[in-house]
Amino acid sequence: MRHPPAVLTIGQLAERSGVPRSTLRYYEDRGLIRSERTPGNQRRYPRGTLRRLAFVSAAQRVGLTLDRIHEALAALPDDRTPTSQDWARLSEQWRVELDTRIDALRRLRDRLSECIGCGCLSFDVCDLYNHDDAMAAQGPGAPLLKPAGEGGL
């Protein structure tokens with residue numbers, strides 16, 4: 001039985017992870033993954049980088065920024081690969097943030113359905129476009145920038 005290599009070239013890592021080489025270099029620049037350099041200055045990645053990339057991908061799918069993902073990975077001791085326990089702990093920390101996003105998306109969806117249902121899509125009266133707009137009563141455009149005789153300052 002052939003054992004997988006302990007280190008991977010950037011091409012092997014890209015092929016195995018499905019992440020383009022340019023993205024791998026970007027992730028490395030951002031500190032999400034790391035590589036060793038050969039005497040010929042070629043990148044070599046520990047095999048555990050595949051798990052880090054899976055972690056990054058899963059975190060991005062739930063809407064986390066690379067900065068938040070970097071913070072999470074930086075909190076791991078000795079720059080190690082995240083374990084399932086790490087993911088459980090971090091996902092619990094992110095739960096409140098994700099629940100807030102889900103609630104906001106639900107409210108947006110419901111408001112959008114109401115607006116499409118009424119059919120107005122009016123910039124003057126539609127709550128979706130003109131929510132709490134105190135200047136709406138002064139007319140369309142930028143009323144404060146109009147010449148004084150036309151309702152401006």
# chains A, B, ... in the order shown; residues from 1 in each chain; ligands from 1
>>> select_by_dssp(residues="segment 7-104 of chain A", states="strand (DSSP E or B)", output="MDAnalysis selection string")
chainID A and resid 7:8 36:37 43:46
>>> select_by_dssp(residues="segment 15-117 of chain A", states="alpha helix (DSSP H)", output="PyMOL selection string")
chain A and resi 15-17+21-30+49-61+66-74+84-117
>>> residues_around(residues="segment 24-36 of chain A", least_positions_apart="5", cutoff="6 Å", atoms="only C-alpha atoms", output="ChimeraX atom specification")
/A:43-45,70
>>> residues_around(residues="Leu13 of chain A", least_positions_apart="5", cutoff="8 Å", atoms="only C-alpha atoms", output="PyMOL selection string")
chain A and resi 8+18-19+45+50
>>> atom_distance(atom1="atom CA of Leu53 of chain A", atom2="atom CA of Asn41 of chain A")
22.2 Å
>>> closest_residue(among="A:Leu108, A:Val7, A:Ala75, A:Ala59", to="Pro46 of chain A", atoms="only C-alpha atoms")
A:Val7
>>> atom_distance(atom1="atom CA of Asp103 of chain A", atom2="atom CA of Ala72 of chain A")
23.8 Å
